[in-house]
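Student: Coordinates in start20.pdb, PDB, N, CA and C atoms, are listed below.
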```pdb
MODEL        1
ATOM      1  N   MET A  23     -22.983   8.549  20.052  1.00  0.00           N
ATOM      2  CA  MET A  23     -22.105   8.865  21.157  1.00  0.00           C
ATOM      3  C   MET A  23     -21.552  10.270  20.967  1.00  0.00           C
ATOM      4  N   GLN A  24     -21.534  11.047  22.041  1.00  0.00           N
ATOM      5  CA  GLN A  24     -20.986  12.394  22.016  1.00  0.00           C
ATOM      6  C   GLN A  24     -19.460  12.332  22.075  1.00  0.00           C
ATOM      7  N   LYS A  25     -18.805  13.378  21.542  1.00  0.00           N
ATOM      8  CA  LYS A  25     -17.330  13.402  21.487  1.00  0.00           C
ATOM      9  C   LYS A  25     -16.689  13.266  22.854  1.00  0.00           C
ATOM     10  N   ASN A  26     -17.234  13.908  23.881  1.00  0.00           N
ATOM     11  CA  ASN A  26     -16.625  13.903  25.209  1.00  0.00           C
ATOM     12  C   ASN A  26     -17.165  12.797  26.109  1.00  0.00           C
ATOM     13  N   GLU A  27     -18.036  11.968  25.567  1.00  0.00           N
ATOM     14  CA  GLU A  27     -18.614  10.885  26.348  1.00  0.00           C
ATOM     15  C   GLU A  27     -17.561   9.811  26.592  1.00  0.00           C
ATOM     16  N   LYS A  28     -17.443   9.381  27.843  1.00  0.00           N
ATOM     17  CA  LYS A  28     -16.455   8.358  28.184  1.00  0.00           C
ATOM     18  C   LYS A  28     -17.028   6.969  27.939  1.00  0.00           C
ATOM     19  N   ILE A  29     -16.156   6.071  27.504  1.00  0.00           N
ATOM     20  CA  ILE A  29     -16.532   4.680  27.280  1.00  0.00           C
ATOM     21  C   ILE A  29     -15.846   3.839  28.339  1.00  0.00           C
ATOM     22  N   GLU A  30     -16.597   2.996  28.998  1.00  0.00           N
ATOM     23  CA  GLU A  30     -16.005   2.077  29.967  1.00  0.00           C
ATOM     24  C   GLU A  30     -15.601   0.811  29.230  1.00  0.00           C
ATOM     25  N   ILE A  31     -14.342   0.437  29.352  1.00  0.00           N
ATOM     26  CA  ILE A  31     -13.835  -0.766  28.700  1.00  0.00           C
ATOM     27  C   ILE A  31     -13.609  -1.831  29.764  1.00  0.00           C
ATOM     28  N   ILE A  32     -14.258  -2.957  29.592  1.00  0.00           N
ATOM     29  CA  ILE A  32     -14.112  -4.089  30.508  1.00  0.00           C
ATOM     30  C   ILE A  32     -13.393  -5.190  29.741  1.00  0.00           C
ATOM     31  N   ASP A  33     -12.190  -5.504  30.168  1.00  0.00           N
ATOM     32  CA  ASP A  33     -11.402  -6.500  29.443  1.00  0.00           C
ATOM     33  C   ASP A  33     -11.039  -7.716  30.293  1.00  0.00           C
ATOM     34  N   ASP A  34     -11.853  -8.006  31.296  1.00  0.00           N
ATOM     35  CA  ASP A  34     -11.575  -9.135  32.193  1.00  0.00           C
ATOM     36  C   ASP A  34     -11.467 -10.465  31.458  1.00  0.00           C
ATOM     37  N   GLN A  35     -12.221 -10.633  30.396  1.00  0.00           N
ATOM     38  CA  GLN A  35     -12.228 -11.909  29.685  1.00  0.00           C
ATOM     39  C   GLN A  35     -11.551 -11.819  28.317  1.00  0.00           C
ATOM     40  N   ALA A  36     -10.800 -10.750  28.084  1.00  0.00           N
ATOM     41  CA  ALA A  36     -10.148 -10.572  26.788  1.00  0.00           C
ATOM     42  C   ALA A  36      -9.014 -11.574  26.602  1.00  0.00           C
ATOM     43  N   ASN A  37      -8.917 -12.107  25.391  1.00  0.00           N
ATOM     44  CA  ASN A  37      -7.802 -12.981  25.055  1.00  0.00           C
ATOM     45  C   ASN A  37      -6.591 -12.121  24.718  1.00  0.00           C
ATOM     46  N   HIS A  38      -5.429 -12.563  25.148  1.00  0.00           N
ATOM     47  CA  HIS A  38      -4.184 -11.885  24.796  1.00  0.00           C
ATOM     48  C   HIS A  38      -3.530 -12.693  23.695  1.00  0.00           C
ATOM     49  N   ILE A  39      -3.311 -12.056  22.557  1.00  0.00           N
ATOM     50  CA  ILE A  39      -2.750 -12.724  21.382  1.00  0.00           C
ATOM     51  C   ILE A  39      -1.442 -12.033  21.042  1.00  0.00           C
ATOM     52  N   TYR A  40      -0.408 -12.818  20.848  1.00  0.00           N
ATOM     53  CA  TYR A  40       0.898 -12.275  20.483  1.00  0.00           C
ATOM     54  C   TYR A  40       1.131 -12.560  19.015  1.00  0.00           C
ATOM     55  N   SER A  41       1.665 -11.579  18.319  1.00  0.00           N
ATOM     56  CA  SER A  41       1.808 -11.714  16.877  1.00  0.00           C
ATOM     57  C   SER A  41       3.081 -11.033  16.406  1.00  0.00           C
ATOM     58  N   ASN A  42       3.750 -11.659  15.454  1.00  0.00           N
ATOM     59  CA  ASN A  42       4.855 -10.984  14.792  1.00  0.00           C
ATOM     60  C   ASN A  42       4.627 -10.951  13.282  1.00  0.00           C
ATOM     61  N   LEU A  43       3.386 -11.253  12.892  1.00  0.00           N
ATOM     62  CA  LEU A  43       3.011 -11.147  11.486  1.00  0.00           C
ATOM     63  C   LEU A  43       1.525 -10.842  11.384  1.00  0.00           C
ATOM     64  N   ILE A  44       1.189  -9.875  10.551  1.00  0.00           N
ATOM     65  CA  ILE A  44      -0.213  -9.515  10.328  1.00  0.00           C
ATOM     66  C   ILE A  44      -0.482  -9.587   8.834  1.00  0.00           C
ATOM     67  N   SER A  45      -1.586 -10.242   8.480  1.00  0.00           N
ATOM     68  CA  SER A  45      -1.983 -10.304   7.073  1.00  0.00           C
ATOM     69  C   SER A  45      -3.309  -9.571   6.909  1.00  0.00           C
ATOM     70  N   PHE A  46      -3.549  -9.070   5.709  1.00  0.00           N
ATOM     71  CA  PHE A  46      -4.799  -8.377   5.411  1.00  0.00           C
ATOM     72  C   PHE A  46      -5.432  -8.996   4.172  1.00  0.00           C
ATOM     73  N   ASN A  47      -6.689  -9.369   4.291  1.00  0.00           N
ATOM     74  CA  ASN A  47      -7.499  -9.793   3.149  1.00  0.00           C
ATOM     75  C   ASN A  47      -8.617  -8.767   3.033  1.00  0.00           C
ATOM     76  N   VAL A  48      -8.680  -8.104   1.892  1.00  0.00           N
ATOM     77  CA  VAL A  48      -9.606  -6.981   1.719  1.00  0.00           C
ATOM     78  C   VAL A  48     -10.606  -7.295   0.618  1.00  0.00           C
ATOM     79  N   ASN A  49     -11.872  -6.982   0.870  1.00  0.00           N
ATOM     80  CA  ASN A  49     -12.892  -7.033  -0.171  1.00  0.00           C
ATOM     81  C   ASN A  49     -13.736  -5.767  -0.024  1.00  0.00           C
ATOM     82  N   PRO A  50     -14.688  -5.520  -0.896  1.00  0.00           N
ATOM     83  CA  PRO A  50     -15.444  -4.258  -0.830  1.00  0.00           C
ATOM     84  C   PRO A  50     -16.245  -4.048   0.462  1.00  0.00           C
ATOM     85  N   GLU A  51     -16.519  -5.106   1.212  1.00  0.00           N
ATOM     86  CA  GLU A  51     -17.315  -4.968   2.430  1.00  0.00           C
ATOM     87  C   GLU A  51     -16.510  -4.960   3.716  1.00  0.00           C
ATOM     88  N   GLU A  52     -15.347  -5.619   3.707  1.00  0.00           N
ATOM     89  CA  GLU A  52     -14.627  -5.743   4.969  1.00  0.00           C
ATOM     90  C   GLU A  52     -13.131  -5.946   4.745  1.00  0.00           C
ATOM     91  N   VAL A  53     -12.417  -5.784   5.849  1.00  0.00           N
ATOM     92  CA  VAL A  53     -11.000  -6.128   5.907  1.00  0.00           C
ATOM     93  C   VAL A  53     -10.875  -7.235   6.940  1.00  0.00           C
ATOM     94  N   CYS A  54     -10.246  -8.321   6.555  1.00  0.00           N
ATOM     95  CA  CYS A  54     -10.009  -9.427   7.479  1.00  0.00           C
ATOM     96  C   CYS A  54      -8.519  -9.407   7.824  1.00  0.00           C
ATOM     97  N   MET A  55      -8.227  -9.141   9.080  1.00  0.00           N
ATOM     98  CA  MET A  55      -6.855  -9.036   9.539  1.00  0.00           C
ATOM     99  C   MET A  55      -6.497 -10.325  10.275  1.00  0.00           C
ATOM    100  N   GLY A  56      -5.482 -11.022   9.782  1.00  0.00           N
ATOM    101  CA  GLY A  56      -5.022 -12.245  10.420  1.00  0.00           C
ATOM    102  C   GLY A  56      -3.816 -11.953  11.287  1.00  0.00           C
ATOM    103  N   LEU A  57      -3.824 -12.461  12.517  1.00  0.00           N
ATOM    104  CA  LEU A  57      -2.710 -12.275  13.442  1.00  0.00           C
ATOM    105  C   LEU A  57      -2.043 -13.620  13.661  1.00  0.00           C
ATOM    106  N   GLY A  58      -0.738 -13.670  13.484  1.00  0.00           N
ATOM    107  CA  GLY A  58      -0.059 -14.950  13.612  1.00  0.00           C
ATOM    108  C   GLY A  58       1.375 -14.820  14.070  1.00  0.00           C
ATOM    109  N   ILE A  59       1.987 -15.965  14.251  1.00  0.00           N
ATOM    110  CA  ILE A  59       3.382 -16.080  14.680  1.00  0.00           C
ATOM    111  C   ILE A  59       4.141 -16.853  13.620  1.00  0.00           C
ATOM    112  N   ARG A  60       5.266 -16.298  13.161  1.00  0.00           N
ATOM    113  CA  ARG A  60       6.135 -17.043  12.240  1.00  0.00           C
ATOM    114  C   ARG A  60       6.713 -18.247  12.963  1.00  0.00           C
ATOM    115  N   THR A  61       6.779 -19.361  12.270  1.00  0.00           N
ATOM    116  CA  THR A  61       7.348 -20.579  12.833  1.00  0.00           C
ATOM    117  C   THR A  61       8.865 -20.412  12.927  1.00  0.00           C
ATOM    118  N   VAL A  62       9.429 -20.724  14.076  1.00  0.00           N
ATOM    119  CA  VAL A  62      10.857 -20.529  14.305  1.00  0.00           C
ATOM    120  C   VAL A  62      11.692 -21.372  13.341  1.00  0.00           C
ATOM    121  N   LYS A  63      11.318 -22.625  13.152  1.00  0.00           N
ATOM    122  CA  LYS A  63      12.101 -23.520  12.300  1.00  0.00           C
ATOM    123  C   LYS A  63      11.963 -23.188  10.820  1.00  0.00           C
ATOM    124  N   ASP A  64      10.843 -22.591  10.437  1.00  0.00           N
ATOM    125  CA  ASP A  64      10.619 -22.230   9.037  1.00  0.00           C
ATOM    126  C   ASP A  64       9.953 -20.858   8.978  1.00  0.00           C
ATOM    127  N   PRO A  65      10.748 -19.772   8.856  1.00  0.00           N
ATOM    128  CA  PRO A  65      10.185 -18.421   8.879  1.00  0.00           C
ATOM    129  C   PRO A  65       9.200 -18.131   7.752  1.00  0.00           C
ATOM    130  N   ASN A  66       9.127 -19.001   6.746  1.00  0.00           N
ATOM    131  CA  ASN A  66       8.153 -18.820   5.674  1.00  0.00           C
ATOM    132  C   ASN A  66       6.797 -19.415   6.023  1.00  0.00           C
ATOM    133  N   THR A  67       6.687 -20.009   7.204  1.00  0.00           N
ATOM    134  CA  THR A  67       5.435 -20.599   7.673  1.00  0.00           C
ATOM    135  C   THR A  67       4.908 -19.763   8.838  1.00  0.00           C
ATOM    136  N   VAL A  68       3.608 -19.489   8.804  1.00  0.00           N
ATOM    137  CA  VAL A  68       2.983 -18.691   9.851  1.00  0.00           C
ATOM    138  C   VAL A  68       1.835 -19.493  10.462  1.00  0.00           C
ATOM    139  N   ASP A  69       1.816 -19.555  11.787  1.00  0.00           N
ATOM    140  CA  ASP A  69       0.696 -20.161  12.509  1.00  0.00           C
ATOM    141  C   ASP A  69      -0.281 -19.039  12.847  1.00  0.00           C
ATOM    142  N   LEU A  70      -1.362 -18.907  12.063  1.00  0.00           N
ATOM    143  CA  LEU A  70      -2.357 -17.874  12.339  1.00  0.00           C
ATOM    144  C   LEU A  70      -3.119 -18.235  13.599  1.00  0.00           C
ATOM    145  N   GLN A  71      -3.286 -17.244  14.471  1.00  0.00           N
ATOM    146  CA  GLN A  71      -3.957 -17.477  15.740  1.00  0.00           C
ATOM    147  C   GLN A  71      -5.397 -16.995  15.743  1.00  0.00           C
ATOM    148  N   THR A  72      -5.659 -15.932  14.998  1.00  0.00           N
ATOM    149  CA  THR A  72      -7.017 -15.393  14.995  1.00  0.00           C
ATOM    150  C   THR A  72      -7.218 -14.483  13.793  1.00  0.00           C
ATOM    151  N   TYR A  73      -8.468 -14.245  13.469  1.00  0.00           N
ATOM    152  CA  TYR A  73      -8.850 -13.288  12.439  1.00  0.00           C
ATOM    153  C   TYR A  73      -9.718 -12.218  13.079  1.00  0.00           C
ATOM    154  N   VAL A  74      -9.496 -10.983  12.673  1.00  0.00           N
ATOM    155  CA  VAL A  74     -10.335  -9.867  13.100  1.00  0.00           C
ATOM    156  C   VAL A  74     -11.025  -9.341  11.844  1.00  0.00           C
ATOM    157  N   HIS A  75     -12.349  -9.318  11.848  1.00  0.00           N
ATOM    158  CA  HIS A  75     -13.117  -8.833  10.705  1.00  0.00           C
ATOM    159  C   HIS A  75     -13.583  -7.413  11.006  1.00  0.00           C
ATOM    160  N   LEU A  76     -13.230  -6.478  10.131  1.00  0.00           N
ATOM    161  CA  LEU A  76     -13.589  -5.080  10.307  1.00  0.00           C
ATOM    162  C   LEU A  76     -14.315  -4.571   9.071  1.00  0.00           C
ATOM    163  N   THR A  77     -15.380  -3.794   9.286  1.00  0.00           N
ATOM    164  CA  THR A  77     -15.983  -3.117   8.145  1.00  0.00           C
ATOM    165  C   THR A  77     -14.966  -2.099   7.632  1.00  0.00           C
ATOM    166  N   ILE A  78     -15.138  -1.639   6.415  1.00  0.00           N
ATOM    167  CA  ILE A  78     -14.211  -0.668   5.848  1.00  0.00           C
ATOM    168  C   ILE A  78     -14.139   0.602   6.713  1.00  0.00           C
ATOM    169  N   PRO A  79     -15.275   1.190   7.144  1.00  0.00           N
ATOM    170  CA  PRO A  79     -15.176   2.381   8.001  1.00  0.00           C
ATOM    171  C   PRO A  79     -14.439   2.105   9.318  1.00  0.00           C
ATOM    172  N   HIS A  80     -14.671   0.937   9.917  1.00  0.00           N
ATOM    173  CA  HIS A  80     -13.962   0.612  11.163  1.00  0.00           C
ATOM    174  C   HIS A  80     -12.476   0.410  10.903  1.00  0.00           C
ATOM    175  N   PHE A  81     -12.133  -0.201   9.781  1.00  0.00           N
ATOM    176  CA  PHE A  81     -10.721  -0.377   9.447  1.00  0.00           C
ATOM    177  C   PHE A  81     -10.036   0.974   9.244  1.00  0.00           C
ATOM    178  N   LEU A  82     -10.728   1.913   8.591  1.00  0.00           N
ATOM    179  CA  LEU A  82     -10.150   3.247   8.400  1.00  0.00           C
ATOM    180  C   LEU A  82      -9.926   3.948   9.736  1.00  0.00           C
ATOM    181  N   ARG A  83     -10.864   3.805  10.670  1.00  0.00           N
ATOM    182  CA  ARG A  83     -10.676   4.385  12.004  1.00  0.00           C
ATOM    183  C   ARG A  83      -9.520   3.707  12.723  1.00  0.00           C
ATOM    184  N   PHE A  84      -9.407   2.384  12.579  1.00  0.00           N
ATOM    185  CA  PHE A  84      -8.307   1.632  13.172  1.00  0.00           C
ATOM    186  C   PHE A  84      -6.968   2.132  12.608  1.00  0.00           C
ATOM    187  N   ALA A  85      -6.886   2.260  11.288  1.00  0.00           N
ATOM    188  CA  ALA A  85      -5.656   2.713  10.638  1.00  0.00           C
ATOM    189  C   ALA A  85      -5.288   4.126  11.100  1.00  0.00           C
ATOM    190  N   ASP A  86      -6.271   4.995  11.241  1.00  0.00           N
ATOM    191  CA  ASP A  86      -6.025   6.359  11.719  1.00  0.00           C
ATOM    192  C   ASP A  86      -5.499   6.335  13.151  1.00  0.00           C
ATOM    193  N   ALA A  87      -6.085   5.508  13.996  1.00  0.00           N
ATOM    194  CA  ALA A  87      -5.640   5.406  15.388  1.00  0.00           C
ATOM    195  C   ALA A  87      -4.207   4.881  15.469  1.00  0.00           C
ATOM    196  N   VAL A  88      -3.875   3.883  14.650  1.00  0.00           N
ATOM    197  CA  VAL A  88      -2.510   3.344  14.635  1.00  0.00           C
ATOM    198  C   VAL A  88      -1.534   4.421  14.173  1.00  0.00           C
ATOM    199  N   SER A  89      -1.880   5.138  13.128  1.00  0.00           N
ATOM    200  CA  SER A  89      -1.016   6.200  12.612  1.00  0.00           C
ATOM    201  C   SER A  89      -0.758   7.260  13.683  1.00  0.00           C
ATOM    202  N   LYS A  90      -1.788   7.653  14.404  1.00  0.00           N
ATOM    203  CA  LYS A  90      -1.627   8.655  15.466  1.00  0.00           C
ATOM    204  C   LYS A  90      -0.721   8.141  16.578  1.00  0.00           C
ATOM    205  N   GLN A  91      -0.859   6.864  16.933  1.00  0.00           N
ATOM    206  CA  GLN A  91      -0.014   6.289  17.977  1.00  0.00           C
ATOM    207  C   GLN A  91       1.445   6.208  17.527  1.00  0.00           C
ATOM    208  N   VAL A  92       1.678   5.851  16.274  1.00  0.00           N
ATOM    209  CA  VAL A  92       3.040   5.797  15.731  1.00  0.00           C
ATOM    210  C   VAL A  92       3.657   7.189  15.770  1.00  0.00           C
ATOM    211  N   ASN A  93       2.915   8.202  15.323  1.00  0.00           N
ATOM    212  CA  ASN A  93       3.422   9.575  15.342  1.00  0.00           C
ATOM    213  C   ASN A  93       3.731  10.033  16.756  1.00  0.00           C
ATOM    214  N   LEU A  94       2.882   9.686  17.728  1.00  0.00           N
ATOM    215  CA  LEU A  94       3.107  10.053  19.123  1.00  0.00           C
ATOM    216  C   LEU A  94       4.386   9.399  19.651  1.00  0.00           C
ATOM    217  N   LEU A  95       4.578   8.112  19.344  1.00  0.00           N
ATOM    218  CA  LEU A  95       5.790   7.420  19.788  1.00  0.00           C
ATOM    219  C   LEU A  95       7.042   8.006  19.131  1.00  0.00           C
ATOM    220  N   MET A  96       6.933   8.429  17.888  1.00  0.00           N
ATOM    221  CA  MET A  96       8.064   9.057  17.210  1.00  0.00           C
ATOM    222  C   MET A  96       8.381  10.413  17.844  1.00  0.00           C
ATOM    223  N   GLU A  97       7.348  11.201  18.146  1.00  0.00           N
ATOM    224  CA  GLU A  97       7.554  12.505  18.783  1.00  0.00           C
ATOM    225  C   GLU A  97       8.240  12.360  20.131  1.00  0.00           C
ATOM    226  N   LYS A  98       7.915  11.302  20.862  1.00  0.00           N
ATOM    227  CA  LYS A  98       8.503  11.063  22.179  1.00  0.00           C
ATOM    228  C   LYS A  98       9.883  10.413  22.090  1.00  0.00           C
ATOM    229  N   GLY A  99      10.300  10.042  20.880  1.00  0.00           N
ATOM    230  CA  GLY A  99      11.607   9.428  20.713  1.00  0.00           C
ATOM    231  C   GLY A  99      11.672   7.956  21.065  1.00  0.00           C
ATOM    232  N   VAL A 100      10.507   7.330  21.226  1.00  0.00           N
ATOM    233  CA  VAL A 100      10.457   5.908  21.580  1.00  0.00           C
ATOM    234  C   VAL A 100      10.816   5.045  20.383  1.00  0.00           C
ATOM    235  N   ILE A 101      10.362   5.445  19.198  1.00  0.00           N
ATOM    236  CA  ILE A 101      10.654   4.710  17.974  1.00  0.00           C
ATOM    237  C   ILE A 101      11.086   5.709  16.901  1.00  0.00           C
ATOM    238  N   SER A 102      11.661   5.186  15.822  1.00  0.00           N
ATOM    239  CA  SER A 102      11.993   6.015  14.675  1.00  0.00           C
ATOM    240  C   SER A 102      11.700   5.226  13.420  1.00  0.00           C
ATOM    241  N   ARG A 103      11.679   5.895  12.310  1.00  0.00           N
ATOM    242  CA  ARG A 103      11.436   5.223  11.039  1.00  0.00           C
ATOM    243  C   ARG A 103      12.737   4.740  10.412  1.00  0.00           C
ATOM    244  N   GLU A 104      13.830   4.858  11.141  1.00  0.00           N
ATOM    245  CA  GLU A 104      15.117   4.365  10.657  1.00  0.00           C
ATOM    246  C   GLU A 104      15.048   2.850  10.526  1.00  0.00           C
ATOM    247  N   PRO A 105      15.560   2.313   9.419  1.00  0.00           N
ATOM    248  CA  PRO A 105      15.541   0.849   9.280  1.00  0.00           C
ATOM    249  C   PRO A 105      16.417   0.188  10.341  1.00  0.00           C
ATOM    250  N   ALA A 106      15.988  -0.968  10.791  1.00  0.00           N
ATOM    251  CA  ALA A 106      16.743  -1.728  11.798  1.00  0.00           C
ATOM    252  C   ALA A 106      18.076  -2.169  11.207  1.00  0.00           C
ATOM    253  N   GLN A 107      19.110  -2.138  12.012  1.00  0.00           N
ATOM    254  CA  GLN A 107      20.447  -2.566  11.576  1.00  0.00           C
ATOM    255  C   GLN A 107      20.611  -4.053  11.727  1.00  0.00           C
TER
ENDMDL
END
```
For this file, write the structure as structure tokens.

Tutor:
Amino acid sequence: MQKNEKIEIIDDQANHIYSNLISFNVNPEEVCMGLGIRTVKDPNTVDLQTYVHLTIPHFLRFADAVSKQVNLLMEKGVISREPAQ
């Protein structure tokens, strides 16, 4: 794919998953990211909803994209790295 080539994203059948906890299981071939919700009655319990399996290169690209988005939101004043009160 060329740098300026546009990608069409079709998300008509995409599942929407809500998460307030993410876990990472890493091995030399892949990163397995678990997305889940902490149980309200017992915050030490998490109901995992799905796993995303990423190769190491894809995980590195994902991490870079997240970092860039965080920096953009900080520049715009939407978020800060200040700890929550």

Student: Name the residues of chain A that fall into strand (DSSP E or B) according to DSSP on the backbone, using the chain letters and numbers of this document, as an MDAnalysis selection string.

Tutor: chainID A and resid 43:48 52:60 68:77

Student: Would you work out the distance separating CA of Asn49 in chain A from atom N of Asn93 in chain A, expressed in Å to one decimal?

Tutor: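 Separation of CA of Asn49 in chain A and atom N of Asn93 in chain A: 26.9 Å.
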
Student: Can you measure atom C of Arg103 in chain A to atom C of Tyr73 in chain A for me? One decimal in Å is fine.

Tutor: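 Taking atom C of Arg103 in chain A as the start and atom C of Tyr73 in chain A as the end point, the length is 28.3 Å.
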
Student: Do you have the CA of Thr67 in chain A-atom C of Cys54 in chain A distance handy?

Tutor: 17.9 Å

Student: Using the chain letters and numbers from the file, give me the residues hit by the PyMOL selection byres ((chain A and resi 70) around 6), as a ChimeraX atom specification.

Tutor: /A:57-59,68-69,71-72

Student: For a cutoff of 6 Å around the file-coordinate point (-10.6, -8.3, 7.3), which residues qualify once you count only N, CA and C atoms? I'd like the result as a list in words.

Tutor: Asn47, Val48, Glu52, Val53, Cys54, Met55, Val74, His75 and Leu76 of chain A

Student: Residues of chain A classed as helix (DSSP H, G or I) by DSSP on the backbone are to be reported as number ranges by chain.

Tutor: A: 78-97

Student: Which residue is closest to Phe81 in chain A? Choose from A:Gly99, A:Pro65, A:Ala36, A:Pro50 and count only C-alpha atoms.

Tutor: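 Nearest candidate to Phe81 in chain A out of A:Gly99, A:Pro65, A:Ala36, A:Pro50: A:Pro50.
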